[in-house]
Structures are given as C-alpha cells and as structure tokens.
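As stored in start.cif (mmCIF, C-alpha atoms):
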```cif
data_work
#
loop_
_atom_site.label_atom_id
_atom_site.label_comp_id
_atom_site.auth_asym_id
_atom_site.auth_seq_id
_atom_site.Cartn_x
_atom_site.Cartn_y
_atom_site.Cartn_z
CA MET A 1 93.31 66.72 13.35
CA LYS A 2 92.32 70.03 14.87
CA LYS A 3 92.43 70.70 18.57
CA THR A 4 89.28 71.83 20.33
CA LEU A 5 89.30 75.57 20.77
CA TYR A 6 86.51 77.04 22.83
CA THR A 7 86.30 80.62 21.74
CA ALA A 8 83.49 83.03 21.20
CA GLN A 9 84.34 82.88 17.55
CA THR A 10 84.07 79.12 17.56
CA PHE A 11 80.72 79.28 19.15
CA SER A 12 79.35 81.97 16.91
CA LEU A 13 80.41 79.94 13.90
CA ARG A 14 78.65 76.94 15.35
CA GLU A 15 75.57 79.05 15.99
CA ASP A 16 75.72 80.30 12.43
CA PHE A 17 76.10 76.73 11.30
CA LYS A 18 73.05 75.70 13.30
CA ARG A 19 71.00 78.61 11.96
CA ARG A 20 71.83 77.70 8.40
CA LEU A 21 70.90 74.13 9.11
CA ARG A 22 67.60 75.08 10.67
CA LYS A 23 66.70 77.14 7.61
CA GLY A 24 66.95 73.97 5.67
CA VAL A 25 69.44 75.33 3.19
CA MET A 26 70.46 72.42 1.07
CA ILE A 27 74.07 73.41 0.87
CA ALA A 28 74.28 73.38 4.63
CA PHE A 29 72.70 69.99 4.69
CA MET A 30 75.19 68.68 2.23
CA PHE A 31 77.96 70.16 4.30
CA THR A 32 76.58 68.51 7.42
CA ALA A 33 76.50 65.23 5.62
CA THR A 34 80.16 65.67 4.75
CA VAL A 35 81.05 66.52 8.33
CA ALA A 36 78.82 63.88 9.82
CA SER A 37 80.64 61.26 7.89
CA ALA A 38 83.60 62.23 10.07
CA SER A 39 85.89 61.25 7.24
CA SER A 40 86.96 64.76 6.42
CA VAL A 41 87.05 66.62 9.70
CA ASP A 42 89.63 69.04 8.34
CA SER A 43 87.56 70.02 5.35
CA TYR A 44 85.83 72.91 7.07
CA ASP A 45 88.92 75.12 7.07
CA VAL A 46 87.38 78.44 7.95
CA GLU A 47 88.80 81.30 10.03
CA ASN A 48 92.25 79.84 10.56
CA ASN A 49 91.39 76.51 12.11
CA VAL A 50 89.09 77.91 14.79
CA VAL A 51 86.29 75.50 14.17
CA ASN A 52 86.37 72.07 15.66
CA THR A 53 84.41 70.20 13.07
CA GLU A 54 85.18 66.96 14.79
CA THR A 55 83.03 68.03 17.68
CA ILE A 56 80.22 69.17 15.41
CA ALA A 57 80.38 65.85 13.61
CA ARG A 58 79.73 64.01 16.84
CA ILE A 59 76.70 66.08 17.79
CA PRO A 60 73.54 64.07 17.13
CA THR A 61 71.21 65.46 14.49
CA LYS A 62 67.54 65.15 13.69
CA SER A 63 66.34 65.74 10.14
CA THR A 64 62.79 66.46 9.01
CA GLN A 65 61.32 67.15 5.58
CA THR A 66 58.50 69.61 4.98
CA ASN A 67 57.30 70.66 1.51
CA GLY A 68 60.47 69.40 -0.04
CA ILE A 69 62.72 71.39 2.31
CA ILE A 70 65.00 69.36 4.46
CA SER A 71 65.72 70.75 7.92
CA VAL A 72 68.47 69.39 10.05
CA GLU A 73 68.57 70.22 13.74
CA LEU A 74 71.65 69.73 15.84
CA LEU A 75 70.70 68.16 19.14
CA ALA A 76 73.47 70.02 20.84
CA ASP A 77 71.86 70.12 24.27
CA SER A 78 72.29 66.39 24.59
CA TYR A 79 76.01 66.66 24.05
CA PRO A 80 77.95 67.26 27.30
CA GLU A 81 80.93 68.99 25.72
CA PHE A 82 78.63 71.46 24.05
CA LYS A 83 77.16 72.47 27.41
CA THR A 84 80.49 73.85 28.52
CA VAL A 85 80.85 75.79 25.28
CA GLN A 86 77.36 77.19 25.72
CA ALA A 87 78.09 78.06 29.35
CA PHE A 88 81.25 79.94 28.40
CA ASP A 89 79.42 81.69 25.60
CA ARG A 90 76.72 82.85 28.00
CA LEU A 91 79.43 84.11 30.34
CA ILE A 92 81.30 86.13 27.73
CA THR A 93 78.04 87.50 26.37
CA ARG A 94 77.30 88.87 29.84
CA LEU A 95 80.92 89.67 30.72
CA PRO A 96 83.10 90.16 27.60
CA GLU A 97 86.21 90.64 29.82
CA ALA A 98 85.87 87.02 30.87
CA LEU A 99 87.24 85.97 27.48
CA SER A 100 90.73 86.23 29.00
CA MET A 101 89.78 83.32 31.27
CA GLU A 102 89.53 80.92 28.34
CA PRO A 103 92.75 79.06 29.30
CA VAL A 104 91.30 78.39 32.74
CA MET A 105 88.00 77.26 31.26
CA ARG A 106 89.84 74.83 28.98
CA PHE A 107 92.01 73.60 31.83
CA VAL A 108 88.99 72.81 33.96
CA THR A 109 86.57 71.46 31.38
CA GLU A 110 89.12 69.41 29.45
CA GLY A 111 90.77 68.21 32.65
CA ILE A 112 87.53 67.10 34.20
CA GLY A 113 86.25 65.42 31.06
CA ASN A 114 82.61 64.90 30.21
CA ILE A 115 80.42 64.87 33.27
CA ASP A 116 76.83 63.79 33.13
CA ALA A 117 75.59 67.22 34.23
CA GLU A 118 72.12 68.62 33.82
CA ARG A 119 73.54 72.09 33.48
CA VAL A 120 76.90 73.83 33.38
CA VAL A 121 77.20 77.41 34.62
CA MET A 122 80.28 79.62 34.53
CA ASP A 123 81.01 82.83 36.36
CA CYS A 124 84.06 85.02 36.61
CA ASP A 125 85.55 87.46 39.06
CA THR A 126 87.12 89.69 36.45
CA GLU A 127 88.99 91.89 38.93
CA ASN A 128 90.82 89.01 40.60
CA GLU A 129 90.74 86.78 37.50
CA VAL A 130 89.12 83.76 39.07
CA LEU A 131 86.86 81.46 37.04
CA ASN A 132 84.15 79.28 38.53
CA VAL A 133 82.62 76.35 36.70
CA SER A 134 79.68 74.63 38.32
CA TYR A 135 78.08 71.37 37.26
CA LYS A 136 74.52 70.71 38.34
CA LEU A 137 74.43 66.97 38.85
CA ARG A 138 71.60 64.58 39.57
CA ASP A 139 69.67 64.64 42.87
CA ASN A 140 70.24 68.35 43.45
CA MET A 141 73.99 67.90 43.80
CA LEU A 142 76.32 70.59 42.58
CA LEU A 143 80.04 70.49 41.90
CA SER A 144 81.63 73.91 41.94
CA ILE A 145 85.23 74.33 40.75
CA SER A 146 87.24 77.53 41.02
CA LYS A 147 90.65 78.41 39.66
CA PRO A 148 92.53 81.71 39.46
CA LEU A 149 94.18 82.56 36.14
CA GLU A 150 97.54 83.17 37.77
CA THR A 151 97.66 79.59 39.02
CA MET A 152 97.79 78.10 35.53
CA ASN A 153 101.30 76.90 36.33
CA ASP A 154 99.93 74.40 38.82
CA GLN A 155 97.51 71.52 38.42
CA PHE A 156 95.23 72.39 41.32
CA VAL A 157 91.63 73.43 41.53
CA MET A 158 89.51 74.33 44.51
CA PHE A 159 86.20 72.53 44.60
CA ASN A 160 83.09 72.37 46.73
CA VAL A 161 80.29 69.83 46.49
CA TYR A 162 76.83 70.90 47.62
CA HIS A 163 73.54 69.16 48.15
CA GLY A 164 71.06 71.95 47.65
CA ARG A 165 72.76 74.72 49.56
CA ASP A 166 74.41 72.45 52.10
CA LEU A 167 78.14 72.08 51.70
CA LEU A 168 79.16 68.41 51.68
CA VAL A 169 82.79 68.43 50.60
CA SER A 170 85.34 71.18 50.35
CA ASP A 171 88.82 70.47 49.07
CA SER A 172 91.71 71.41 46.89
CA ALA A 173 93.19 68.80 44.56
CA SER A 174 94.85 68.29 41.23
CA ILE A 175 92.44 68.26 38.30
CA GLU A 176 93.51 64.72 37.42
CA LEU A 177 92.68 63.45 40.88
CA LEU A 178 89.33 65.21 40.93
CA SER A 179 88.48 63.89 37.47
CA GLU A 180 89.43 60.35 38.47
CA TYR A 181 87.33 60.60 41.59
CA ILE A 182 84.27 61.91 39.75
CA HIS A 183 84.41 59.27 37.07
CA ASN A 184 84.88 56.54 39.65
CA VAL A 185 81.75 57.79 41.41
CA GLU A 186 79.85 57.96 38.10
CA ASN A 187 80.88 54.42 37.21
CA ARG A 188 79.90 53.17 40.63
CA ILE A 189 76.47 54.80 40.30
CA LYS A 190 76.04 53.16 36.89
CA GLU A 191 77.01 49.80 38.35
CA LEU A 192 74.51 50.17 41.17
CA ALA A 193 71.80 51.22 38.73
CA MET B 1 68.50 115.72 47.87
CA ALA B 2 69.51 115.34 51.52
CA LYS B 3 70.47 111.94 52.78
CA PRO B 4 68.16 110.24 55.24
CA GLN B 5 69.32 110.70 58.82
CA TYR B 6 71.73 108.08 60.11
CA PRO B 7 70.09 105.69 62.60
CA ASN B 8 71.66 106.53 65.95
CA GLU B 9 70.24 103.41 67.61
CA ILE B 10 73.11 101.39 66.17
CA LEU B 11 75.89 103.55 67.58
CA PRO B 12 78.20 102.15 70.26
CA GLN B 13 77.36 103.18 73.78
CA GLN B 14 79.48 103.81 76.82
CA GLY B 15 79.31 100.83 79.10
CA TRP B 16 79.29 98.41 76.22
CA ARG B 17 81.95 95.83 75.67
CA GLN B 18 84.74 96.27 73.17
CA CYS B 19 84.07 92.87 71.75
CA ILE B 20 81.25 90.34 71.61
CA CYS B 21 82.77 86.88 71.83
CA THR B 22 81.60 84.79 68.87
CA GLN B 23 81.40 81.61 70.90
CA ASP B 24 79.29 83.32 73.58
CA LEU B 25 77.06 84.66 70.81
CA LEU B 26 76.59 81.17 69.37
CA ASP B 27 75.94 79.71 72.82
CA SER B 28 73.14 82.18 73.49
CA CYS B 29 71.77 82.38 69.96
CA PRO B 30 72.76 79.43 67.75
CA ASP B 31 70.91 80.85 64.75
CA ALA B 32 72.42 84.33 64.94
CA MET B 33 72.64 85.81 61.49
CA LEU B 34 74.99 88.18 59.72
CA GLY B 35 73.61 90.49 57.05
CA ARG B 36 75.40 92.20 54.20
CA LYS B 37 74.14 94.57 51.58
CA MET B 38 74.81 94.16 47.90
CA ASP B 39 74.41 97.16 45.64
CA GLY B 40 71.58 96.79 43.19
CA THR B 41 68.45 94.80 42.71
CA LYS B 42 68.13 91.07 43.19
CA GLU B 43 68.24 90.64 39.41
CA GLN B 44 71.54 92.54 39.27
CA CYS B 45 73.09 90.50 42.07
CA ILE B 46 71.84 86.94 41.67
CA ASN B 47 72.65 84.69 38.74
CA PRO B 48 69.32 83.24 37.56
CA GLU B 49 71.14 80.27 36.03
CA ASP B 50 72.03 78.70 39.37
CA GLY B 51 70.89 81.12 42.08
CA SER B 52 74.41 82.05 43.15
CA ILE B 53 75.55 85.57 43.89
CA TYR B 54 77.46 86.90 40.86
CA MET B 55 81.22 86.72 41.39
CA ASN B 56 81.65 90.37 40.47
CA VAL B 57 79.10 91.31 43.16
CA LEU B 58 80.96 89.33 45.82
CA PRO B 59 84.49 89.12 44.39
CA THR B 60 87.26 86.97 45.78
CA GLY B 61 89.27 90.06 46.69
CA SER B 62 86.50 91.28 49.01
CA ILE B 63 86.39 88.05 51.00
CA PRO B 64 89.16 88.51 53.55
CA ASN B 65 87.87 90.89 56.19
CA LEU B 66 84.35 90.88 54.73
CA SER B 67 82.11 93.41 56.45
CA CYS B 68 78.74 92.28 57.80
CA SER B 69 76.37 93.34 60.55
CA LEU B 70 74.78 91.24 63.25
CA LEU B 71 71.02 91.13 62.69
CA GLY B 72 68.44 90.44 65.37
CA THR B 73 69.92 93.14 67.59
CA PHE B 74 69.31 96.89 67.54
CA PHE B 75 70.59 96.54 64.01
CA LYS B 76 67.65 95.98 61.65
CA VAL B 77 67.66 94.88 58.04
CA ASP B 78 66.89 98.36 56.70
CA HIS B 79 69.96 99.75 58.48
CA LEU B 80 71.96 98.06 55.77
CA HIS B 81 70.99 100.91 53.45
CA PHE B 82 73.55 102.95 55.41
CA LEU B 83 77.29 102.49 55.06
CA PRO B 84 79.71 104.33 57.37
CA ASP B 85 82.60 106.14 55.70
CA ASN B 86 85.59 108.29 56.74
CA ALA B 87 85.67 108.75 60.53
CA GLY B 88 82.44 106.80 60.76
CA LYS B 89 84.12 103.56 59.77
CA ALA B 90 87.06 103.93 62.17
CA ALA B 91 87.33 101.29 64.88
CA TRP B 92 85.45 102.10 68.07
CA GLU B 93 87.39 101.96 71.32
CA GLU B 94 85.59 100.80 74.43
CA GLY B 95 84.36 103.73 76.51
CA THR B 96 84.42 106.22 73.63
CA LEU B 97 81.36 108.42 73.44
CA VAL B 98 80.19 108.94 69.86
CA GLY B 99 79.07 112.55 69.57
CA LYS B 100 76.35 113.92 67.31
CA GLU B 101 78.98 115.55 65.09
CA MET B 102 79.92 112.05 63.97
CA LEU B 103 76.53 111.74 62.28
CA CYS B 104 77.33 114.34 59.63
CA GLU B 105 76.63 113.39 56.01
CA GLU B 106 80.34 113.04 55.13
CA ASN B 107 80.60 110.07 57.42
CA TYR B 108 78.14 107.78 55.73
CA TYR B 109 76.60 106.75 52.44
CA HIS B 110 72.98 105.91 51.85
CA PHE B 111 72.01 103.35 49.23
CA PRO B 112 68.32 103.49 48.24
CA GLU B 113 68.39 100.19 46.36
CA VAL B 114 70.11 97.25 48.02
CA THR B 115 69.70 93.51 48.18
CA VAL B 116 70.42 92.03 51.58
CA VAL B 117 71.87 88.58 52.01
CA GLY B 118 72.58 86.77 55.24
CA TRP B 119 74.61 83.89 56.58
CA LYS B 120 74.26 82.07 59.86
CA VAL B 121 77.24 82.73 62.09
CA LYS B 122 77.52 79.04 62.90
CA ASP B 123 77.82 78.12 59.21
CA VAL B 124 80.66 80.51 58.54
CA SER B 125 82.51 80.41 61.83
CA SER B 126 85.18 77.69 61.90
CA LYS B 127 84.56 76.71 58.30
CA GLU B 128 87.58 74.75 57.18
CA LEU B 129 89.38 76.04 54.11
CA PRO B 130 91.71 73.46 52.55
CA TYR B 131 94.44 74.66 50.26
CA ASN B 132 97.83 73.63 48.90
CA ARG B 133 101.21 75.20 49.46
CA THR B 134 104.28 74.49 47.42
CA PHE B 135 107.88 74.65 48.62
CA GLU B 136 111.17 74.44 46.80
CA LYS B 137 113.50 74.16 49.79
CA PRO B 138 113.30 71.70 52.68
CA GLN B 139 114.33 74.33 55.20
CA LEU B 140 111.42 76.61 54.32
CA TYR B 141 109.07 73.68 54.55
CA GLU B 142 110.38 72.68 57.98
CA GLU B 143 109.80 76.23 59.28
CA PHE B 144 106.31 76.22 57.83
CA LYS B 145 105.62 72.80 59.35
CA GLU B 146 106.59 74.00 62.80
CA GLU B 147 104.33 77.03 62.51
CA VAL B 148 101.40 74.90 61.34
CA GLU B 149 101.88 72.47 64.22
CA ASP B 150 101.96 75.34 66.74
CA VAL B 151 98.74 76.79 65.33
CA ALA B 152 97.08 73.37 65.29
CA GLU B 153 97.76 73.10 69.00
CA ILE B 154 96.05 76.45 69.59
CA ARG B 155 93.09 75.34 67.45
CA LYS B 156 93.02 71.98 69.20
CA MET B 157 93.34 70.23 65.88
CA VAL B 158 95.36 67.17 65.07
CA VAL B 159 97.66 67.82 62.14
CA TYR B 160 100.06 65.43 60.56
CA LEU B 161 102.42 66.83 57.97
CA ASP B 162 104.71 64.51 56.06
CA THR B 163 108.45 64.82 56.04
CA TRP B 164 110.02 66.60 53.06
CA GLU B 165 111.00 63.31 51.46
CA LYS B 166 107.46 62.00 51.53
CA LEU B 167 105.81 65.08 50.03
CA LYS B 168 104.38 64.81 46.52
CA THR B 169 106.20 66.56 43.70
CA ASN B 170 104.36 69.26 41.80
CA PRO B 171 103.78 67.74 38.32
CA ALA B 172 103.98 71.21 36.79
CA LYS B 173 107.26 72.12 38.52
CA LYS B 174 109.40 69.17 39.44
CA LYS B 175 111.50 71.16 41.92
CA GLN B 176 108.46 71.94 44.03
CA ARG B 177 106.82 69.76 46.62
CA ILE B 178 103.22 70.07 47.61
CA VAL B 179 101.55 69.97 50.97
CA GLU B 180 97.85 70.25 51.68
CA VAL B 181 96.91 72.26 54.75
CA MET B 182 93.80 73.73 56.28
CA GLY B 183 92.92 77.35 56.91
CA VAL B 184 89.84 78.43 58.78
CA ALA B 185 87.20 81.15 58.60
CA LYS B 186 86.26 83.08 61.72
CA VAL B 187 83.62 85.63 62.55
CA ASN B 188 84.98 88.56 64.54
CA HIS B 189 83.20 91.48 66.18
CA ALA B 190 84.72 94.73 64.93
CA PRO B 191 82.60 97.67 66.16
CA THR B 192 83.05 100.95 64.29
CA MET B 193 82.23 104.50 65.36
CA LEU B 194 78.91 104.40 63.51
CA ASN B 195 78.02 100.73 63.84
CA TYR B 196 78.50 98.75 67.02
CA TRP B 197 77.10 95.66 65.30
CA HIS B 198 79.77 95.51 62.63
CA PHE B 199 81.38 92.08 62.27
CA THR B 200 83.95 90.73 59.86
CA ILE B 201 84.35 87.32 58.26
CA ASP B 202 88.07 86.61 58.36
CA ILE B 203 90.38 84.01 56.90
CA TYR B 204 93.19 82.54 58.96
CA THR B 205 95.86 80.47 57.28
CA ALA B 206 97.17 77.18 58.59
CA GLU B 207 100.32 78.79 59.97
CA ASN B 208 98.92 81.95 61.55
CA ASP B 209 96.09 82.09 64.05
CA LEU B 210 96.62 85.71 65.11
CA ASP B 211 96.56 87.80 61.97
CA PRO B 212 93.82 87.23 59.41
CA LEU B 213 94.51 87.52 55.70
CA LEU B 214 93.87 91.05 54.55
CA LYS B 215 94.56 90.70 50.83
CA VAL B 216 94.58 87.94 48.26
CA SER B 217 97.82 88.92 46.60
CA ASP B 218 98.89 85.63 45.08
CA GLY B 219 97.82 82.20 43.91
CA TRP B 220 97.43 80.16 47.09
CA ARG B 221 95.77 83.05 48.90
CA LYS B 222 93.33 83.31 46.01
CA TYR B 223 92.56 79.61 46.34
CA ILE B 224 91.72 79.92 50.01
CA ALA B 225 89.61 83.03 49.43
CA ALA B 226 87.91 81.45 46.40
CA ASN B 227 86.86 78.56 48.60
CA LEU B 228 85.12 80.77 51.15
CA CYS B 229 83.79 83.01 48.39
CA ASP B 230 82.15 80.06 46.67
CA PHE B 231 80.52 78.96 49.91
CA LEU B 232 79.19 82.46 50.65
CA ARG B 233 77.90 82.84 47.09
CA ARG B 234 75.89 79.64 47.31
CA SER B 235 74.82 79.20 50.92
CA TYR B 236 73.09 82.46 51.66
CA ASP B 237 69.60 83.65 52.51
CA ILE B 238 67.93 86.64 50.90
CA ILE B 239 66.79 88.85 53.77
CA THR B 240 63.79 91.06 53.18
CA ASP B 241 62.90 94.02 55.38
CA ASP B 242 60.22 92.03 57.17
CA ALA B 243 62.25 88.83 57.54
CA GLN B 244 62.07 87.04 60.87
CA VAL B 245 65.65 86.93 62.08
CA ALA B 246 66.69 85.05 65.22
CA PRO B 247 66.79 87.64 68.02
CA VAL B 248 70.04 88.19 69.87
CA ASP B 249 68.64 89.36 73.17
CA LYS B 250 71.13 88.38 75.83
CA LYS B 251 72.30 91.85 76.82
CA SER B 252 75.26 90.61 78.81
CA LEU B 253 76.87 89.80 75.47
CA TRP B 254 77.48 93.51 74.91
CA VAL B 255 76.62 95.32 78.15
CA LYS B 256 79.33 95.26 80.79
CA GLU B 257 78.02 94.03 84.12
#
```

Written form, structure tokens:
Amino acid sequence: MKKTLYTAQTFSLREDFKRRLRKGVMIAFMFTATVASASSVDSYDVENNVVNTETIARIPTKSTQTNGIISVELLADSYPEFKTVQAFDRLITRLPEALSMEPVMRFVTEGIGNIDAERVVMDCDTENEVLNVSYKLRDNMLLSISKPLETMNDQFVMFNVYHGRDLLVSDSASIELLSEYIHNVENRIKELA
Amino acid sequence: MAKPQYPNEILPQQGWRQCICTQDLLDSCPDAMLGRKMDGTKEQCINPEDGSIYMNVLPTGSIPNLSCSLLGTFFKVDHLHFLPDNAGKAAWEEGTLVGKEMLCEENYYHFPEVTVVGWKVKDVSSKELPYNRTFEKPQLYEEFKEEVEDVAEIRKMVVYLDTWEKLKTNPAKKKQRIVEVMGVAKVNHAPTMLNYWHFTIDIYTAENDLDPLLKVSDGWRKYIAANLCDFLRRSYDIITDDAQVAPVDKKSLWVKE
C-alpha cells in the first residue's frame, strides 16, 4: 500500500491522468476501471511510487458517451483530500520555493483530517518558512492554521477562527487536539441538523 | 527624475509630546486607525483566493515592531507614499527642532505605487497571543513561572500556571514539558525625525512586559508572531486616498499644555 505523497509531481501526474480521461482515450478509461476497482492500487507504478492511486480510486467519476467515445470525468472537486492537493499545487505554481514546506503541509492536512470545507487556501512566508493553511467553512467561518517549518519537532499549530473578518478564537494547540475538537464540532452540527 | 518634496506637515514640532499614550488615544478616538503601505498594486498584495494579504507581502519576520502611521491626524493617506530613511527614520527626542536639511532626498524614499491597509488601534492593542513554551528542567520552568506571574500582576491579569509535575509532556520529546502562556500585542507611539505620527505594533511575551520582541529567531517566537501576522493579514481595511478615517482631533494628545 502506498503512502499519500502530496508533491507537485503527484499532482501533475494526476492532472495528466485527468486530461487523458477527459479526451476519452480508451486506454485511460480501461486504466481508470482497473484503478476504480481498488483491487490493484499498486498497479500504477510510475515515477518511483509517487502516485497515490488509492486516492485517485476513491475520487468519484462521471462517464458520458458521445459518438462512440467514452469520456470519464473525475469529480475531484467533491473530494476533500483533493482540495488540499489543489491548494498546495496553486501555491507552488505561484511560489515554487514553497515546495520545501511540503512536510508542514502534510503535517497539517493529514493531522487535521478531512474537513468539510468549501475551499482550502495555502500561503507561505518563504523567508521565515511559515506555512498557512486556511479552510473556508460554512456560514462564512474560516479556520486558519499556521506552522513554521522549524517547529516540525513539536506537535503544535497556531490557529485562528474567524467569522467574516472578526476573530472569534485564537489559540495554540497540538494538531491532534485541534483535529478532535473540529470533528466533535462537525459531528455535533450533523446531529443538530 | 526628482523625488516629490517630503511633506513637512508631518514633522515633529517643538512643544509636542514625546509620546502619545495609546489609552488616551483610544479614550478620545475609539476608532483611531493605523495605516501601513504595501509595495505594489492591490493585485500584487492581496490573495484573490481568500482576500488575505499575501504572506510574503506581510511576512512573519516583519511583525514584531511593525511600522504604521496614525491616520486622521496631520498624517494623510497619501503621505504613506513617503518612507523615511537614514537620519530621517531616527527616533525623535522631545524638544528637538527638525531642520530643513533633514528633508534632503537621501533621507526618504518615495513609492509611486502603493496599496494602503489599515487596522483599528483598538483591534490590535491588547490582542492576546497564546503560545506554548517547552522546558526540560524544572528549575528553568520555575524561574519562567515567577517572571510570568510578575508580568501578569502588571497587566492585571489572572494567571495560573501548573506545577512542574502537573505539566503535560511533549509527545514529540518526552523529556520536555509544555506550558501554554499568553503574550500580548501593543500599539506604541514611536515618533521619528521625519514622521511624528509613526507608531509600532509590538509583541510582548508572557514573561516580559518591558521589552518587545524585536526578532522572530526561533520556533516559539515564530508561533507568536505568526498569530498576530495571521490576524493582521485577515482583519484589515483597504484605505483609499479619499477614505473617511476617524479624525484624531484632541490636540492635547500631542501638544504639551
């Protein structure tokens, strides 16, 4: 089983994968079918285990047929984990130096787990090596998490919660505690709904 | 091309106070606003994805001792195109007369294209900045605890710090124990030779209420600065040249009686 690796290379391969799928190339479709079966997640052994086919396999797809050509579209936007990958990709496209912050990005996004966020945005202070990951939540709420690269030996993150531009909560906590808190809140909201 | 002439209406005057007290300022003008220029256009400074100021435009390292100017005074928004340098940015001492020679071109920059952002003094001043410290030895922690308790008394805050035995262990380093404490942001008047209305946004740690942080040299200092930085990046106003800024018109704030 391969571990998730969020790299630019990973993403570009996924993009390439999506492009091929959208062109309706049959071979790509067949490949998708193989992956989507999730029975052979290690079969896509390209570029020294960079690709996380397991993730791709779990992304919902929509297939259409026009004039005998089958097109398969990955509905990646509906997949929370993919939003963080996209956010990091946008960041390193704008700021290639931010690639060195990948360990921090993984620490935060994997530590926090999947959040039901409308949008994920990442930014980086490249001089001081601080990464910020913000999750736009429902009702104009925003969770903003910052972590310096040099603090990778501790479990802490700094976070602020905003409603619009008003600061509601400001704290520093371990990523586990923050994750637990967020998911408790999410579950409570689901219960109330 | 010659630089535009420096606006002498913002220079310090004899008979003015060394320092405007922030609390007095807030008492007379609760909506007083600080302005800061950012180099470049709005598109170059603001992230369209979420409306925050780009981190590289307002980096964590620039946060301690962040320069701003008090708007709504003689200092107008378009004065932010000017930035004192060399002798022009030296601290002004009360009673010092600033001569015309100070206005030479070497002592200031002029930026034709700037984006001005502002923060209300009341939002920034006294903003609490939580952060964690780790200790490996009980003795060091006890010294730290005493310092924090002394500062809390000055700040009129109630602080309860656990004993060494009750502190949580750092999961990443079992030898270390963790304590969560609270720093604070303050707005301080810091007039310079070419700008009487120069203020700074400063960070004070939990254990020191006299000397603000000047650099973010290591992890926990970066945390505390990152906290304030995040707030400033997200809770700002864009100030245009014709913006209506709350006037600060109580002269006794700066004129000695």

Q: In Å, rounded to a single decimal, give me how far CA of Pro103 (chain A) is from CA of Glu129 (chain A).
A: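 Separation of CA of Glu129 (chain A) and CA of Pro103 (chain A): 11.4 Å.
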
Q.
For this structure, which residues satisfy the selection - the PyMOL selection byres ((chain B) within 7 of (chain A)) - when it is evaluated on the file as given? I want them as an MDAnalysis selection string.
A. chainID B and resid 49 55:56 59:61 130:132 172 219 222:223 226:227 234:235

(Q) For the PyMOL selection byres ((chain B and resi 155) around 12), applied here, can you spell out every residue it catches as a VMD selection string? (A) chain B and resid 126 128 148 to 154 156 to 159 182 to 184 186 204 to 210

Q.
I'd like the residues picked by the PyMOL selection byres ((chain B and resi 99) around 12) written out as JSON, numbers by chain, using the chain letters and numbers from the file.
A. {"B": [8, 11, 12, 13, 14, 87, 88, 96, 97, 98, 100, 101, 102, 103, 104, 193, 194]}

**Q.** Spatial neighbours of region 105-111 of chain B, 12 Å, all atoms listed in the file, chain gap at least 2 places, as number ranges by chain
**A.** B: 1-7, 37-41, 78-90, 100-103, 113-116, 192-195

(Q) Please determine, counting all atoms listed in the file, which residue among A:Ile182, A:Ile189, A:Met105, A:Ile175 has the shortest atom-to-atom distance to Asp89 (chain A). (A)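 Distance minimum relative to Asp89 (chain A) lands on A:Met105.
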
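When only C-alpha atoms are used to compute distances to Trp92 (chain B), the closest of the residues B:Val77, B:Cys19, B:Ile53, B:Ile203 turns out to be B:Cys19.
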
Q.
Show me the residues around (74.6, 88.8, 51.1) - criterion: an atom at most 9 Å away, all atoms listed in the file counted - as a list in words.
A.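 Collected hits near the coordinates: Leu34, Gly35, Arg36, Lys37, Met38, Ile53, Leu58, Cys68, Thr115, Val116, Val117, Gly118, Trp119, Leu232, Arg233, Tyr236, Asp237, Ile238 and Ile239 of chain B.
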
Q. Nearest to Leu214 (chain B) among B:Ala246, B:Leu66, B:Leu167, B:Val181, with distances taken over only C-alpha atoms: which residue is it?
A.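 Of the candidates, the smallest distance to Leu214 (chain B) is held by B:Leu66.
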
**Q.** Separation of CA of Asp50 (chain B) from CA of Asp116 (chain A) in Å
**A.**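 Computed distance, CA of Asp116 (chain A) to CA of Asp50 (chain B), equals 16.9 Å.
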
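Taking CA of His189 (chain B) and CA of Trp220 (chain B) as endpoints, the distance between them is 26.4 Å.
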
Q: Counting all atoms listed in the file, write as JSON, numbers by chain all protein and nucleic acid residues lying at most 8 Å from (74.5, 83.8, 75.7) in the file's frame.
A: {"B": [24, 25, 26, 27, 28, 29, 250, 252, 253]}
